[in-house]
Amino acid sequence: MATAGRASILPLRLEGVSYTRGGHSLLHDVTFAVTEGASTIVLGPNGAGKSLLLKLCHGLLRPAAGRVAWLGPAAAQAGERQAMVFQRPVLLRRSVAANVAYALRLRGVCRDERSDRIRQALEMAGLLPLAGRYARVLSGGEQQRLALARAWASRPEVLFLDEPTANLDPAATRAVEEVIQLCRASGTKIVMTTHDLGQARRLADEVLFLHRGRLIERAPAARFFDLPAMPAARAYIRGELLW
Amino acid sequence: MDELSGALQMALVLIGRMDPGLIEIVWLSLQVSVTAVLIASVIGFPLGAGLALGRFPGHKLVIVLLNALMGLPPVVVGLTVYLLLSRSGPLGELGLLFTPTAMIIAQCILVTPIISALTRQTIEDLWSEYEEQLRSLGAGRGRALLTLLWEGRYSLFTAVLAGFGRAIAEVGAVLIVGGNITHATRVMTTSIALETAKGNLELALALGIVLISLALIINAAVYLTKDLVFRYSN
């Protein structure tokens, strides 16, 4: 249990958040809250602004307008109790185990505890046999699982995942999804972007539907997939091409 | 033609029997250049990495200047160090002129821009790849800088070898500040110049062969590390 018995950093509230780059407005007036518990999937076609939204939540980008705020009782520790996995994992040029160790060192985990945490994280990601391998020679799927293990090892309360399987084949995607499910089972709140409807159905408890930089629908997964309220969401679910 | 092949034969004999005069000169060359490159690395790595990650007014100007300094003419560096170290110069009291230390200083000035400019390029490229990931993991600027220096170790090794290549092959600066004094400040390049002028072609050729072999070894090492970088960064 990664987060049991701790005061939460959630909810995370976004209020009227906009983001512009080079004069182009890429996100307009997005308002919602990320709450404890269920997995949140940010769904939408490519270019809808999903990655930007995630990076704004994670604090890697600053909004041009609006506010991003952690409002939980432990909000002061928000920085160290969240982690992110990127679409293309950036692994350090060292061994698999050393990649996890590096992240733990940055979070101030003491040496004695580190080896246990590394073992647990690699075991969860199914990478224990590869612990001594050079990280950059792993396959794409293994690299992404290592990125997940590295993020999870620091026991984040919230884990942001930006299209973690976008470049992977079905078998590797399945393996990564299994690790994501294990993260969720350990009590970590998952906030993940995807443009893959099947994946959203498999993993979502709650869906945020983003289209052309606007958050146009937010609903529990079951309701969203049965009966989306907005025409664009309906068209997307029917498999029509949105842009 | 006979003279040349005769000299070549004698040169190979000198190398083959490890002639003490030859060894002394090669050894001093290596001492001076290796020390200069080590000091230049200690200055150049943090300087280059800092320029890659830091932003301040005049940042671009410093980079242009640094790149221009890579092509600094050795004789001008020699002259400048000479003026600084000469008895009436500002550092004259240290009595360093015509010592190996003076030669190390001059070569260090030549090599530092090379190592820092190449380091800056390497670290800047890495930073664009790593920035979001390192910030996400909670690394501050200082930690990110150290991490990137380690991540770029293969490329940085290439930069060091490039610096060493420049130092060991340079004549003008060490000639001016070292003075080419027998048993004291004679290195391979200055000896070749002198022995050739004296008509002592055997020693000049022997030193030339050693120097070229070193250059070959260094270039092979650069090539092999580049190969390693390529294999491990993909």
# chains A, B, ... in the order shown; residues from 1 in each chain; ligands from 1

$ residues_around --residues "stretch 155-165 of chain B" --least-positions-apart "3" --cutoff "10 Å" --atoms "only C-alpha atoms" --output "short mmCIF file (atom, residue, chain, number, x, y, z; two decimals) with N, CA and C atoms, in the first residue's frame"
data_model
loop_
_atom_site.label_atom_id
_atom_site.label_comp_id
_atom_site.auth_asym_id
_atom_site.auth_seq_id
_atom_site.Cartn_x
_atom_site.Cartn_y
_atom_site.Cartn_z
N LEU B 30 54.78 14.18 -22.81
CA LEU B 30 53.56 13.57 -22.27
C LEU B 30 53.20 14.20 -20.93
N SER B 33 51.74 17.78 -21.60
CA SER B 33 50.44 17.82 -22.27
C SER B 33 49.34 17.15 -21.45
N VAL B 34 49.66 16.01 -20.80
CA VAL B 34 48.65 15.34 -19.98
C VAL B 34 48.23 16.25 -18.82
N THR B 35 49.21 16.87 -18.16
CA THR B 35 48.87 17.77 -17.05
C THR B 35 48.01 18.93 -17.55
N ALA B 36 48.40 19.53 -18.68
CA ALA B 36 47.64 20.66 -19.21
C ALA B 36 46.20 20.24 -19.51
N VAL B 37 46.04 19.05 -20.10
CA VAL B 37 44.70 18.59 -20.46
C VAL B 37 43.86 18.28 -19.22
N LEU B 38 44.50 17.71 -18.20
CA LEU B 38 43.76 17.43 -16.96
C LEU B 38 43.24 18.73 -16.34
N ALA B 40 42.81 21.58 -17.86
CA ALA B 40 41.81 22.15 -18.77
C ALA B 40 40.46 21.45 -18.62
N SER B 41 40.47 20.14 -18.34
CA SER B 41 39.22 19.41 -18.15
C SER B 41 38.52 19.85 -16.87
N GLY B 44 37.19 23.12 -17.89
CA GLY B 44 36.31 23.12 -19.06
C GLY B 44 34.98 22.40 -18.87
N PHE B 45 34.98 21.28 -18.12
CA PHE B 45 33.71 20.56 -17.92
C PHE B 45 32.66 21.42 -17.23
N MET B 70 38.67 28.43 -29.78
CA MET B 70 39.13 27.09 -30.14
C MET B 70 40.25 27.16 -31.18
N GLN B 107 49.71 25.59 -22.72
CA GLN B 107 48.88 24.57 -23.37
C GLN B 107 47.49 24.52 -22.76
N CYS B 108 47.42 24.76 -21.47
CA CYS B 108 46.12 24.77 -20.79
C CYS B 108 45.23 25.85 -21.39
N LEU B 110 45.38 26.96 -24.38
CA LEU B 110 44.98 26.53 -25.72
C LEU B 110 43.87 25.47 -25.70
N VAL B 111 43.92 24.61 -24.68
CA VAL B 111 43.04 23.45 -24.68
C VAL B 111 41.70 23.72 -23.98
N THR B 112 41.70 24.59 -22.97
CA THR B 112 40.46 24.83 -22.23
C THR B 112 39.28 25.25 -23.11
N PRO B 113 39.47 26.17 -24.08
CA PRO B 113 38.33 26.52 -24.94
C PRO B 113 37.80 25.33 -25.73
N ILE B 114 38.70 24.44 -26.16
CA ILE B 114 38.26 23.28 -26.93
C ILE B 114 37.38 22.39 -26.06
N ILE B 115 37.88 22.08 -24.87
CA ILE B 115 37.12 21.17 -24.01
C ILE B 115 35.81 21.82 -23.56
N SER B 116 35.83 23.11 -23.21
CA SER B 116 34.57 23.70 -22.74
C SER B 116 33.57 23.87 -23.87
N ALA B 117 34.03 24.22 -25.07
CA ALA B 117 33.08 24.39 -26.18
C ALA B 117 32.44 23.05 -26.55
N LEU B 118 33.26 21.99 -26.61
CA LEU B 118 32.69 20.68 -26.95
C LEU B 118 31.78 20.17 -25.83
N THR B 119 32.16 20.45 -24.58
CA THR B 119 31.31 20.06 -23.45
C THR B 119 29.96 20.77 -23.52
N ARG B 120 30.01 22.07 -23.81
CA ARG B 120 28.75 22.83 -23.88
C ARG B 120 27.81 22.21 -24.92
N GLN B 121 28.36 21.90 -26.09
CA GLN B 121 27.54 21.32 -27.15
C GLN B 121 26.92 20.00 -26.71
N THR B 122 27.75 19.14 -26.15
CA THR B 122 27.29 17.82 -25.69
C THR B 122 26.18 17.96 -24.65
N ILE B 123 26.44 18.80 -23.63
CA ILE B 123 25.49 18.91 -22.52
C ILE B 123 24.20 19.56 -22.98
N LEU B 149 26.83 15.48 -17.05
CA LEU B 149 28.26 15.27 -17.29
C LEU B 149 28.56 13.77 -17.31
N TRP B 150 27.92 13.03 -16.41
CA TRP B 150 28.14 11.58 -16.37
C TRP B 150 27.48 10.90 -17.57
N GLU B 151 26.26 11.35 -17.92
CA GLU B 151 25.56 10.77 -19.06
C GLU B 151 26.33 10.99 -20.37
N GLY B 152 27.05 12.13 -20.43
CA GLY B 152 27.77 12.45 -21.65
C GLY B 152 29.21 11.99 -21.63
N ILE B 168 49.61 18.18 -27.69
CA ILE B 168 50.84 17.44 -27.95
C ILE B 168 51.48 17.85 -29.28
N ALA B 169 50.65 18.36 -30.22
CA ALA B 169 51.16 18.65 -31.55
C ALA B 169 51.57 20.11 -31.73
N GLU B 170 51.38 20.91 -30.69
CA GLU B 170 51.55 22.36 -30.81
C GLU B 170 53.03 22.72 -30.62
N LEU B 214 51.47 8.56 -31.89
CA LEU B 214 50.58 9.04 -30.83
C LEU B 214 49.29 9.60 -31.44
N ALA B 215 49.47 10.40 -32.51
CA ALA B 215 48.30 10.98 -33.16
C ALA B 215 47.37 9.89 -33.67
N LEU B 216 47.97 8.85 -34.25
CA LEU B 216 47.17 7.73 -34.76
C LEU B 216 46.41 7.04 -33.63
N ILE B 218 45.57 8.27 -30.76
CA ILE B 218 44.52 9.15 -30.24
C ILE B 218 43.31 9.15 -31.16
N ASN B 219 43.56 9.26 -32.46
CA ASN B 219 42.43 9.27 -33.39
C ASN B 219 41.68 7.95 -33.38
N ALA B 221 41.41 6.06 -30.80
CA ALA B 221 40.64 6.07 -29.56
C ALA B 221 39.38 6.92 -29.71
N VAL B 222 39.51 8.08 -30.38
CA VAL B 222 38.36 8.94 -30.60
C VAL B 222 37.31 8.18 -31.42
N TYR B 223 37.78 7.52 -32.46
CA TYR B 223 36.86 6.79 -33.34
C TYR B 223 36.14 5.69 -32.56
N LEU B 224 36.92 4.95 -31.76
CA LEU B 224 36.32 3.85 -31.02
C LEU B 224 35.30 4.34 -30.00
N THR B 225 35.62 5.47 -29.31
CA THR B 225 34.64 5.97 -28.33
C THR B 225 33.39 6.46 -29.04
N LYS B 226 33.55 7.09 -30.19
CA LYS B 226 32.36 7.54 -30.94
C LYS B 226 31.50 6.33 -31.28
N LEU B 228 31.33 3.58 -29.61
CA LEU B 228 30.68 3.16 -28.37
C LEU B 228 29.47 4.05 -28.07
N VAL B 229 29.67 5.37 -28.22
CA VAL B 229 28.58 6.31 -27.96
C VAL B 229 27.40 5.96 -28.82
N PHE B 230 27.68 5.74 -30.10
CA PHE B 230 26.60 5.46 -31.03
C PHE B 230 25.86 4.20 -30.61
#

$ residues_around --residues "A:Val158" --least-positions-apart "2" --cutoff "8 Å" --atoms "only C-alpha atoms" --output "PyMOL selection string"
chain A and resi 81-83+156+160+188-191

$ write_last_selection --atoms "N, CA and C atoms" --output "compact mmCIF listing (two decimals), in the first residue's frame"
# COMPACT_ATOMS: atom_id res chain seq x y z
N ARG A 81 5.59 13.89 -4.05
CA ARG A 81 4.69 12.75 -4.01
C ARG A 81 3.90 12.57 -5.30
N GLN A 82 4.48 13.07 -6.39
CA GLN A 82 3.89 12.80 -7.70
C GLN A 82 5.04 12.42 -8.64
N ALA A 83 4.71 11.67 -9.68
CA ALA A 83 5.74 11.25 -10.63
C ALA A 83 5.10 11.19 -12.01
N PRO A 156 4.87 7.40 -5.23
CA PRO A 156 4.08 8.60 -5.48
C PRO A 156 2.61 8.35 -5.13
N PHE A 160 1.37 10.38 -13.16
CA PHE A 160 0.92 10.86 -14.46
C PHE A 160 1.56 10.02 -15.56
N THR A 188 -1.92 3.85 -5.86
CA THR A 188 -1.46 5.06 -6.55
C THR A 188 -2.55 5.57 -7.48
N LYS A 189 -2.82 6.84 -7.40
CA LYS A 189 -3.81 7.45 -8.29
C LYS A 189 -3.21 7.59 -9.68
N ILE A 190 -3.87 7.05 -10.69
CA ILE A 190 -3.38 7.09 -12.06
C ILE A 190 -4.10 8.20 -12.83
N VAL A 191 -3.32 9.06 -13.46
CA VAL A 191 -3.88 10.04 -14.40
C VAL A 191 -3.14 9.83 -15.71

$ closest_residue --among "A:Ala76, A:Thr20, A:Ala151, A:Leu26" --to "chain B" --atoms "only C-alpha atoms"
A:Ala151

$ interface_residues --of "chain A" --to "chain B" --cutoff "7 Å" --atoms "only C-alpha atoms" --output "number ranges by chain"
A: 60, 83-84, 90, 92-93, 103, 106, 136

$ select_by_dssp --residues "stretch 151-238 of chain A" --states "strand (DSSP E)" --output "list of chain:residue names"
A:Val158, A:Leu159, A:Phe160, A:Leu161, A:Asp162, A:Lys189, A:Ile190, A:Val191, A:Met192, A:Thr193, A:Thr194, A:Glu206, A:Val207, A:Leu208, A:Phe209, A:Leu210, A:His211, A:Arg214, A:Leu215, A:Ile216, A:Glu217, A:Arg218, A:Ala219, A:Pro220

$ select_by_dssp --residues "stretch 11-72 of chain A" --states "alpha helix (DSSP H)" --output "number ranges by chain"
A: 50-58

$ residues_around --residues "A:Thr40" --least-positions-apart "2" --cutoff "6 Å" --atoms "only C-alpha atoms" --output "JSON, numbers by chain"
{"A": [191, 204, 206, 207]}

$ write_last_selection --atoms "N, CA and C atoms" --output "PDB file, in the first residue's frame"
ATOM      1  N   VAL A 191      -3.320   9.065 -13.461  1.00  0.00           N
ATOM      2  CA  VAL A 191      -3.883  10.042 -14.403  1.00  0.00           C
ATOM      3  C   VAL A 191      -3.139   9.833 -15.706  1.00  0.00           C
ATOM      4  N   ALA A 204      -9.967   2.900 -17.617  1.00  0.00           N
ATOM      5  CA  ALA A 204     -10.579   4.109 -17.056  1.00  0.00           C
ATOM      6  C   ALA A 204     -11.644   3.819 -16.008  1.00  0.00           C
ATOM      7  N   GLU A 206     -12.785   6.960 -14.864  1.00  0.00           N
ATOM      8  CA  GLU A 206     -13.356   8.280 -15.154  1.00  0.00           C
ATOM      9  C   GLU A 206     -12.675   8.802 -16.412  1.00  0.00           C
ATOM     10  N   VAL A 207     -13.438   9.452 -17.288  1.00  0.00           N
ATOM     11  CA  VAL A 207     -12.873   9.931 -18.546  1.00  0.00           C
ATOM     12  C   VAL A 207     -12.989  11.447 -18.633  1.00  0.00           C
TER      13      VAL A 207
END

$ residues_around --residues "A:Ala33" --least-positions-apart "4" --cutoff "8 Å" --atoms "only C-alpha atoms" --output "ChimeraX atom specification"
/A:11-14

$ closest_atom_pairs --of "stretch 61-88 of chain B" --to "stretch 93-106 of chain B" --cutoff "8 Å" --atoms "only C-alpha atoms" --output "Markdown table"
| residue | atom | partner | partner_atom | distance |
| --- | --- | --- | --- | --- |
| B:Val77 | CA | B:Ala106 | CA | 6.4 |
| B:Gly78 | CA | B:Ala106 | CA | 6.2 |
| B:Val81 | CA | B:Ala106 | CA | 6.4 |
| B:Tyr82 | CA | B:Leu97 | CA | 6.9 |
| B:Leu85 | CA | B:Leu97 | CA | 5.5 |
| B:Ser86 | CA | B:Leu97 | CA | 6.1 |
| B:Arg87 | CA | B:Glu93 | CA | 6.6 |

$ write_last_selection --atoms "N, CA and C atoms" --output "mmCIF file, in the first residue's frame"
data_model
loop_
_atom_site.group_PDB
_atom_site.id
_atom_site.type_symbol
_atom_site.label_atom_id
_atom_site.label_comp_id
_atom_site.auth_asym_id
_atom_site.auth_seq_id
_atom_site.Cartn_x
_atom_site.Cartn_y
_atom_site.Cartn_z
ATOM 1 N N VAL B 77 49.318 32.883 -28.011
ATOM 2 C CA VAL B 77 49.187 32.447 -26.622
ATOM 3 C C VAL B 77 50.567 32.407 -25.975
ATOM 4 N N GLY B 78 51.545 31.875 -26.711
ATOM 5 C CA GLY B 78 52.911 31.823 -26.188
ATOM 6 C C GLY B 78 53.428 33.211 -25.851
ATOM 7 N N VAL B 81 51.618 34.582 -22.672
ATOM 8 C CA VAL B 81 52.103 33.959 -21.437
ATOM 9 C C VAL B 81 53.535 34.417 -21.161
ATOM 10 N N TYR B 82 54.333 34.545 -22.217
ATOM 11 C CA TYR B 82 55.710 35.034 -22.072
ATOM 12 C C TYR B 82 55.730 36.402 -21.402
ATOM 13 N N LEU B 85 54.823 36.169 -17.748
ATOM 14 C CA LEU B 85 55.774 35.479 -16.875
ATOM 15 C C LEU B 85 57.188 36.068 -16.918
ATOM 16 N N SER B 86 57.447 36.920 -17.906
ATOM 17 C CA SER B 86 58.814 37.448 -18.022
ATOM 18 C C SER B 86 59.150 38.309 -16.804
ATOM 19 N N ARG B 87 60.430 38.461 -16.548
ATOM 20 C CA ARG B 87 60.862 39.054 -15.277
ATOM 21 C C ARG B 87 60.174 40.387 -14.971
#

$ closest_residue --among "B:Glu124, B:Asp227, B:Glu195, B:Glu202" --to "B:Gly54" --atoms "only C-alpha atoms"
B:Glu124

$ atom_distance --atom1 "atom CA of B:Lys198" --atom2 "atom CA of B:Thr80"
28.1 Å

$ residues_around --residues "A:Ile216" --least-positions-apart "6" --cutoff "9 Å" --atoms "only C-alpha atoms" --output "ChimeraX atom specification"
/A:208-210,230,232-233

$ residues_around --residues "A:Leu27" --least-positions-apart "6" --cutoff "7 Å" --atoms "only C-alpha atoms" --output "list in words"
Ser18, Tyr19, Thr20, Gly49, Gly213 and Arg214 of chain A

$ residues_around --residues "stretch 11-13 of chain B" --least-positions-apart "2" --cutoff "7 Å" --atoms "only C-alpha atoms" --output "PyMOL selection string"
chain B and resi 7-9+15-17+202-203+205-206

$ atom_distance --atom1 "atom CA of A:Asn167" --atom2 "atom CA of A:Ala147"
14.2 Å

$ closest_residue --among "B:Val62, B:Leu175, B:Pro57, B:Asp19" --to "B:Leu79" --atoms "only C-alpha atoms"
B:Leu175

$ atom_distance --atom1 "atom CA of A:Leu91" --atom2 "atom CA of B:Leu146"
15.7 Å
